[in-house]
Every structure is written in structure tokens, then in C-alpha cells.
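S.K.: Below is one structure. I have some questions about it.
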Amino acid sequence: MVLYDVTTLHFENEDEDELRRVGMSKEHRVDPQVQVGLLVDPGGFPLEVHLFDGRKAETTTLVPVLEAFQARHGVTDMVVVADAGMLSAGNLNALEDAGFSFIVGSRLTKAPYDLADHFERHGDWFQDGQVLESKRTMGTGKDARERRIVYQYSFKRAKRDRRTINLMIEKAERIAAGTTPLKKARFLKVTGAEKALDQATIDRARQLAGLKGYVTSLPEATMAGSAVIGAYHDLWQVEASFRMTKSDL
């Protein structure tokens with residue numbers, strides 16, 4: 001099992017070259033940058049470091065790094081853990097076709113449908129720490145494949161999510177009332193000149209508060225849902241290694 005993540009390094013230099021390019025920046029910067037892909041073991045020990053140009057999409061860095069490590073060490077069976085930013089149906093198919101297994105974070109966009117049986121039987125009630133599983137078809141046409149989804153509910157996460165939802169509702173209400181300038185807001189629905197709260201989106205967000213999803217290609221017989229979740233939570237080891245590396249630089 002290996003853990004993977006990507007970070008960026010920016011340069012206070014306006015000139016671009018073939019490596020330092022202006023690209024997608026989470027900090028909304030417009031400086032030239034490079035992408036750094038880091039592969040570590042479950043304890044956080046760096047195994048492989050790769051440098052990519054600043055415009056390269058994060059999702060396209062994963063397979064080359066894994067294949068380089070595999071070729072260097074002759075590894076035949078690898079499970080990679082990565083965050084939701086690496087998640088796309090095409091990327092997961094590429095990983096699987098290259099012979100790798102994976103555990104990645106899942107966005108909750110399909111959760112109400114995945115967990116329809118639970119919501120029908122129990123409403124919005126979950127036990128703290130409860131683990132649920134479902135199947136979801138990801139991708140379209142010939143690229144569509146059924147994936148195993150593991151969900152976990154956390155009371156602590158639910159409190160944090162509800163607090164965030166309430167703050168976002170207040171922001172949307174201020175915009176709808178005209179006391180705050182018009183800007184993009186998650187729970188705001190704009191129809192022509194009319195601004196109003198998007199109640200359907202609010203209800204769905206509240207329904208999903210406290211849930212976190214994970215997608216894996218590993219069958220339940222190989223790894224139980226709780227172990228899948230535990231492996232994903234080890235991703236902080238990559239962040240720790242990144243902080244150490246940036247500090248050294």
C-alpha cells in the first residue's frame with residue numbers, strides 16, 4: 001500500500017519556461033509554478049518524488065508515478081490511496097487497467113441515491129461511526145464501471161458540517177435580501193433578476209451532513225469497509241512529508 005498526493009511550488013518570477021508554467025492554483029495565484037507528486041509508504045516515508053510542469057492536471061500525474069515506482073522495484077501488487085482531487089471515472093479506469101488497486105475519497109453528489117434504502121428505513125438517523133456500503137456505476141458508455149463505495153457517518157463531522165451549512169445559508173440570505181452584493185453562493189438560486197434560497201440544495205446538504213465517502217476497487221473479502229476508511233485516513237502522512245520537504249527547500 002502506498003499513499004499519493006500532489007502539491008505546487010510557486011516562483012516569484014513572471015517569466016515562464018517549459019517547466020515553470022502558470023496553471024491551476026488552489027490559492028488563486030498567477031505566478032509560474034511546478035507540480036510535485038509525492039509517493040510515500042503508510043508511515044510517511046518518501047518513496048518517489050516527481051516534478052511536472054505547472055499546467056499539468058493533478059489527475060494525470062498519478063499513473064506515471066506509480067508505473068515508475070513499479071518498474072524501479074519490480075512491485076507486482078500495489079494499492080494506492082489518494083484524495084478526492086484524484087477522482088474521475090477515467091482516471092480510476094486507467095489505474096485499474098494499469099493493474100493497480102485504489103482507495104480514493106468520494107464526493108457525495110450521488111449519496112442520496114446510493115443510500116436510498118437507508119434513508120427510506122431510518123430517515124436521517126445514523127449511529128456515530130456507522131459504516132455503510134453501496135455500489136455505483138461511474139463513467140458513461142463503454143467506460144462505465146461499477147464501483148464499491150464505502151460511507152462513514154461521524155457525529156463530530158455532522159456538527160461541523162451543520163455549522164458550515166448554517167453560515168452558507170446566512171450568506172445566501174444576505175445576498176437574496178440585497179444587503180450583500182451578488183456573488184456566487186452555494187445555496188442561492190438566481191432566476192433572471194430574482195434571487196432566492198435554493199431549499200432543495202439546503203435539504204440535501206443537511207441530509208448528508210456527517211457523511212464521508214470512499215471509492216475502492218478492493219472487494220469486501222480483501223478489505224473490510226473500516227479498513228478502507230483507516231487506510232484513507234493515513235493520507236495525512238503525505239501532508240506531513242510535504243511540509244518537511246518544503247521546509248527543507
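Going by the C-alpha cells order, chains are called A, B, ..., each with residues numbered from 1, while ligands are numbered from 1 in the order shown.
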Quick one: pick out all strand (DSSP E or B) residues within region 28-215 of chain A from a backbone DSSP run and write them as a count of residues only.
M.R.: 56
S.K.: Give me the residues within 8 Å of Ser241 (chain A) as an mmCIF file with N, CA and C atoms, in the first residue's frame, counting only C-alpha atoms and dropping any in the same chain fewer than 4 places off.
M.R.:
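The result, written out as selection_12.cif:
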data_model
loop_
_atom_site.group_PDB
_atom_site.id
_atom_site.type_symbol
_atom_site.label_atom_id
_atom_site.label_comp_id
_atom_site.auth_asym_id
_atom_site.auth_seq_id
_atom_site.Cartn_x
_atom_site.Cartn_y
_atom_site.Cartn_z
ATOM 1 N N GLY A 44 4.646 7.340 6.005
ATOM 2 C CA GLY A 44 5.047 8.663 5.567
ATOM 3 C C GLY A 44 6.447 8.739 4.973
ATOM 4 N N PHE A 45 7.127 7.578 4.808
ATOM 5 C CA PHE A 45 8.487 7.598 4.261
ATOM 6 C C PHE A 45 8.428 7.820 2.754
ATOM 7 N N PRO A 46 9.104 8.863 2.225
ATOM 8 C CA PRO A 46 9.056 9.151 0.788
ATOM 9 C C PRO A 46 9.654 8.014 -0.053
ATOM 10 N N GLN A 237 -0.122 11.509 6.328
ATOM 11 C CA GLN A 237 1.318 11.242 6.286
ATOM 12 C C GLN A 237 1.966 11.929 5.090
ATOM 13 N N THR A 245 9.432 18.599 3.412
ATOM 14 C CA THR A 245 10.188 18.856 2.184
ATOM 15 C C THR A 245 10.226 20.347 1.881
#
S.K.: Find the residues around Asp124 (chain A) up to 10 Å (only C-alpha atoms counted), leave out those fewer than 3 positions away in its own chain, and share them as a PyMOL selection string.
M.R.: chain A and resi 118-121+206-209
S.K.: Would you save the residues of that selection, restricted to N, CA, C and O atoms, as an mmCIF file, in the first residue's frame?
M.R.:
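Final file, out.cif:
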data_model
loop_
_atom_site.group_PDB
_atom_site.id
_atom_site.type_symbol
_atom_site.label_atom_id
_atom_site.label_comp_id
_atom_site.auth_asym_id
_atom_site.auth_seq_id
_atom_site.Cartn_x
_atom_site.Cartn_y
_atom_site.Cartn_z
ATOM 1 N N HIS A 118 -31.214 3.139 3.122
ATOM 2 C CA HIS A 118 -31.035 3.606 4.496
ATOM 3 C C HIS A 118 -31.985 4.754 4.804
ATOM 4 O O HIS A 118 -32.649 4.754 5.854
ATOM 5 N N PHE A 119 -32.061 5.749 3.918
ATOM 6 C CA PHE A 119 -32.921 6.902 4.165
ATOM 7 C C PHE A 119 -34.391 6.489 4.223
ATOM 8 O O PHE A 119 -35.179 7.068 4.975
ATOM 9 N N GLU A 120 -34.752 5.473 3.450
ATOM 10 C CA GLU A 120 -36.142 5.004 3.460
ATOM 11 C C GLU A 120 -36.476 4.296 4.769
ATOM 12 O O GLU A 120 -37.562 4.466 5.327
ATOM 13 N N ARG A 121 -35.525 3.531 5.294
ATOM 14 C CA ARG A 121 -35.755 2.752 6.514
ATOM 15 C C ARG A 121 -35.542 3.571 7.788
ATOM 16 O O ARG A 121 -36.266 3.402 8.769
ATOM 17 N N ARG A 206 -28.151 19.108 4.267
ATOM 18 C CA ARG A 206 -28.413 18.725 5.665
ATOM 19 C C ARG A 206 -28.573 17.221 5.797
ATOM 20 O O ARG A 206 -28.169 16.632 6.810
ATOM 21 N N GLN A 207 -29.135 16.600 4.797
ATOM 22 C CA GLN A 207 -29.312 15.148 4.831
ATOM 23 C C GLN A 207 -27.973 14.422 4.831
ATOM 24 O O GLN A 207 -27.819 13.372 5.456
ATOM 25 N N LEU A 208 -26.988 15.007 4.158
ATOM 26 C CA LEU A 208 -25.684 14.364 4.017
ATOM 27 C C LEU A 208 -24.675 14.805 5.076
ATOM 28 O O LEU A 208 -23.544 14.320 5.082
ATOM 29 N N ALA A 209 -25.055 15.713 5.963
ATOM 30 C CA ALA A 209 -24.136 16.194 6.996
ATOM 31 C C ALA A 209 -23.597 15.033 7.828
ATOM 32 O O ALA A 209 -24.358 14.195 8.305
#
S.K.: Between A:Ile103, A:Val190, A:Leu38, A:Ala205, which one has atoms that come closest to Gly230 (chain A), using only C-alpha atoms?
M.R.: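 Nearest candidate to Gly230 (chain A) out of A:Ile103, A:Val190, A:Leu38, A:Ala205: A:Ile103.
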S.K.: Determine, counting only C-alpha atoms, which protein, DNA and RNA residues have an atom within 9 Å of an atom of Phe100 (chain A); residues of the same chain fewer than 4 positions away are not included. Present the result as an mmCIF file with all heavy atoms, in the first residue's frame.
M.R.:
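Once written, out-v2.cif looks like this:
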data_model
loop_
_atom_site.group_PDB
_atom_site.id
_atom_site.type_symbol
_atom_site.label_atom_id
_atom_site.label_comp_id
_atom_site.auth_asym_id
_atom_site.auth_seq_id
_atom_site.Cartn_x
_atom_site.Cartn_y
_atom_site.Cartn_z
ATOM 1 N N VAL A 63 -0.716 7.903 -12.496
ATOM 2 C CA VAL A 63 -0.294 6.663 -13.155
ATOM 3 C C VAL A 63 1.193 6.680 -13.511
ATOM 4 O O VAL A 63 1.904 5.692 -13.253
ATOM 5 C CB VAL A 63 -1.168 6.373 -14.385
ATOM 6 C CG1 VAL A 63 -0.600 5.190 -15.180
ATOM 7 C CG2 VAL A 63 -2.609 6.063 -13.962
ATOM 8 N N LEU A 66 3.240 5.931 -10.337
ATOM 9 C CA LEU A 66 3.100 4.538 -9.900
ATOM 10 C C LEU A 66 3.865 3.592 -10.815
ATOM 11 O O LEU A 66 4.536 2.667 -10.342
ATOM 12 C CB LEU A 66 1.617 4.152 -9.869
ATOM 13 C CG LEU A 66 0.757 4.815 -8.800
ATOM 14 C CD1 LEU A 66 -0.704 4.435 -8.989
ATOM 15 C CD2 LEU A 66 1.219 4.429 -7.396
ATOM 16 N N THR A 76 4.579 -6.012 -7.984
ATOM 17 C CA THR A 76 3.524 -6.560 -8.841
ATOM 18 C C THR A 76 2.119 -6.323 -8.298
ATOM 19 O O THR A 76 1.149 -6.471 -9.021
ATOM 20 C CB THR A 76 3.718 -8.081 -9.024
ATOM 21 O OG1 THR A 76 3.718 -8.717 -7.734
ATOM 22 C CG2 THR A 76 5.030 -8.362 -9.741
ATOM 23 N N ASP A 77 1.994 -5.961 -7.038
ATOM 24 C CA ASP A 77 0.662 -5.803 -6.443
ATOM 25 C C ASP A 77 0.658 -4.539 -5.592
ATOM 26 O O ASP A 77 1.238 -4.515 -4.511
ATOM 27 C CB ASP A 77 0.315 -7.025 -5.590
ATOM 28 C CG ASP A 77 -1.144 -7.033 -5.156
ATOM 29 O OD1 ASP A 77 -1.909 -6.181 -5.651
ATOM 30 O OD2 ASP A 77 -1.510 -7.874 -4.324
ATOM 31 N N MET A 78 0.012 -3.475 -6.078
ATOM 32 C CA MET A 78 0.031 -2.195 -5.376
ATOM 33 C C MET A 78 -1.374 -1.669 -5.179
ATOM 34 O O MET A 78 -2.219 -1.747 -6.064
ATOM 35 C CB MET A 78 0.846 -1.147 -6.158
ATOM 36 C CG MET A 78 2.339 -1.419 -6.180
ATOM 37 S SD MET A 78 3.215 -0.223 -7.241
ATOM 38 C CE MET A 78 2.877 1.305 -6.389
ATOM 39 N N VAL A 79 -1.611 -1.099 -3.986
ATOM 40 C CA VAL A 79 -2.846 -0.380 -3.679
ATOM 41 C C VAL A 79 -2.452 1.065 -3.403
ATOM 42 O O VAL A 79 -1.628 1.324 -2.530
ATOM 43 C CB VAL A 79 -3.565 -0.957 -2.433
ATOM 44 C CG1 VAL A 79 -4.864 -0.191 -2.169
ATOM 45 C CG2 VAL A 79 -3.847 -2.437 -2.614
ATOM 46 N N VAL A 80 -3.022 1.997 -4.145
ATOM 47 C CA VAL A 80 -2.694 3.412 -3.955
ATOM 48 C C VAL A 80 -3.866 4.112 -3.283
ATOM 49 O O VAL A 80 -5.024 3.865 -3.606
ATOM 50 C CB VAL A 80 -2.346 4.102 -5.290
ATOM 51 C CG1 VAL A 80 -3.497 4.050 -6.270
ATOM 52 C CG2 VAL A 80 -1.914 5.550 -5.056
ATOM 53 N N ALA A 94 -8.071 4.069 -15.721
ATOM 54 C CA ALA A 94 -6.666 3.996 -16.121
ATOM 55 C C ALA A 94 -5.835 3.288 -15.061
ATOM 56 O O ALA A 94 -4.951 2.482 -15.377
ATOM 57 C CB ALA A 94 -6.124 5.402 -16.376
ATOM 58 N N LEU A 95 -6.108 3.580 -13.788
ATOM 59 C CA LEU A 95 -5.407 2.905 -12.692
ATOM 60 C C LEU A 95 -5.658 1.399 -12.741
ATOM 61 O O LEU A 95 -4.735 0.592 -12.642
ATOM 62 C CB LEU A 95 -5.892 3.455 -11.350
ATOM 63 C CG LEU A 95 -5.258 4.714 -10.805
ATOM 64 C CD1 LEU A 95 -5.997 5.175 -9.552
ATOM 65 C CD2 LEU A 95 -3.790 4.501 -10.498
ATOM 66 N N GLU A 96 -6.928 1.040 -12.888
ATOM 67 C CA GLU A 96 -7.305 -0.375 -12.905
ATOM 68 C C GLU A 96 -6.702 -1.081 -14.110
ATOM 69 O O GLU A 96 -6.192 -2.208 -13.992
ATOM 70 C CB GLU A 96 -8.827 -0.486 -12.925
ATOM 71 C CG GLU A 96 -9.362 -1.842 -12.517
ATOM 72 C CD GLU A 96 -10.861 -1.791 -12.262
ATOM 73 O OE1 GLU A 96 -11.595 -1.227 -13.102
ATOM 74 O OE2 GLU A 96 -11.299 -2.314 -11.229
ATOM 75 N N SER A 217 -11.438 -0.180 -5.402
ATOM 76 C CA SER A 217 -11.544 -1.321 -6.312
ATOM 77 C C SER A 217 -11.346 -2.635 -5.576
ATOM 78 O O SER A 217 -11.479 -3.711 -6.177
ATOM 79 C CB SER A 217 -10.490 -1.193 -7.425
ATOM 80 O OG SER A 217 -9.179 -1.168 -6.869
#
S.K.: Do you know which residues are at most 8 Å from Ala89 (chain A) counting only C-alpha atoms, after dropping those on the same chain fewer than 4 positions away, and could you put them as an mmCIF file with N, CA, C and O atoms, in the first residue's frame?
M.R.:
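Result file follows (out_31.cif):
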data_model
loop_
_atom_site.group_PDB
_atom_site.id
_atom_site.type_symbol
_atom_site.label_atom_id
_atom_site.label_comp_id
_atom_site.auth_asym_id
_atom_site.auth_seq_id
_atom_site.Cartn_x
_atom_site.Cartn_y
_atom_site.Cartn_z
ATOM 1 N N ASN A 93 -10.351 4.183 -14.112
ATOM 2 C CA ASN A 93 -10.246 3.132 -15.123
ATOM 3 C C ASN A 93 -8.794 2.946 -15.554
ATOM 4 O O ASN A 93 -8.325 1.819 -15.738
ATOM 5 N N MET A 138 -19.851 4.327 -12.336
ATOM 6 C CA MET A 138 -19.109 5.550 -12.613
ATOM 7 C C MET A 138 -18.650 5.540 -14.056
ATOM 8 O O MET A 138 -18.192 4.519 -14.570
ATOM 9 N N GLY A 139 -18.757 6.688 -14.720
ATOM 10 C CA GLY A 139 -18.414 6.770 -16.122
ATOM 11 C C GLY A 139 -19.633 6.533 -16.992
ATOM 12 O O GLY A 139 -20.702 6.140 -16.514
ATOM 13 N N ASP A 143 -17.026 3.200 -21.011
ATOM 14 C CA ASP A 143 -16.134 3.462 -19.879
ATOM 15 C C ASP A 143 -16.826 3.291 -18.527
ATOM 16 O O ASP A 143 -16.202 3.473 -17.481
ATOM 17 N N ALA A 144 -18.125 2.960 -18.543
ATOM 18 C CA ALA A 144 -18.878 2.811 -17.292
ATOM 19 C C ALA A 144 -18.461 1.531 -16.568
ATOM 20 O O ALA A 144 -18.397 0.456 -17.168
#
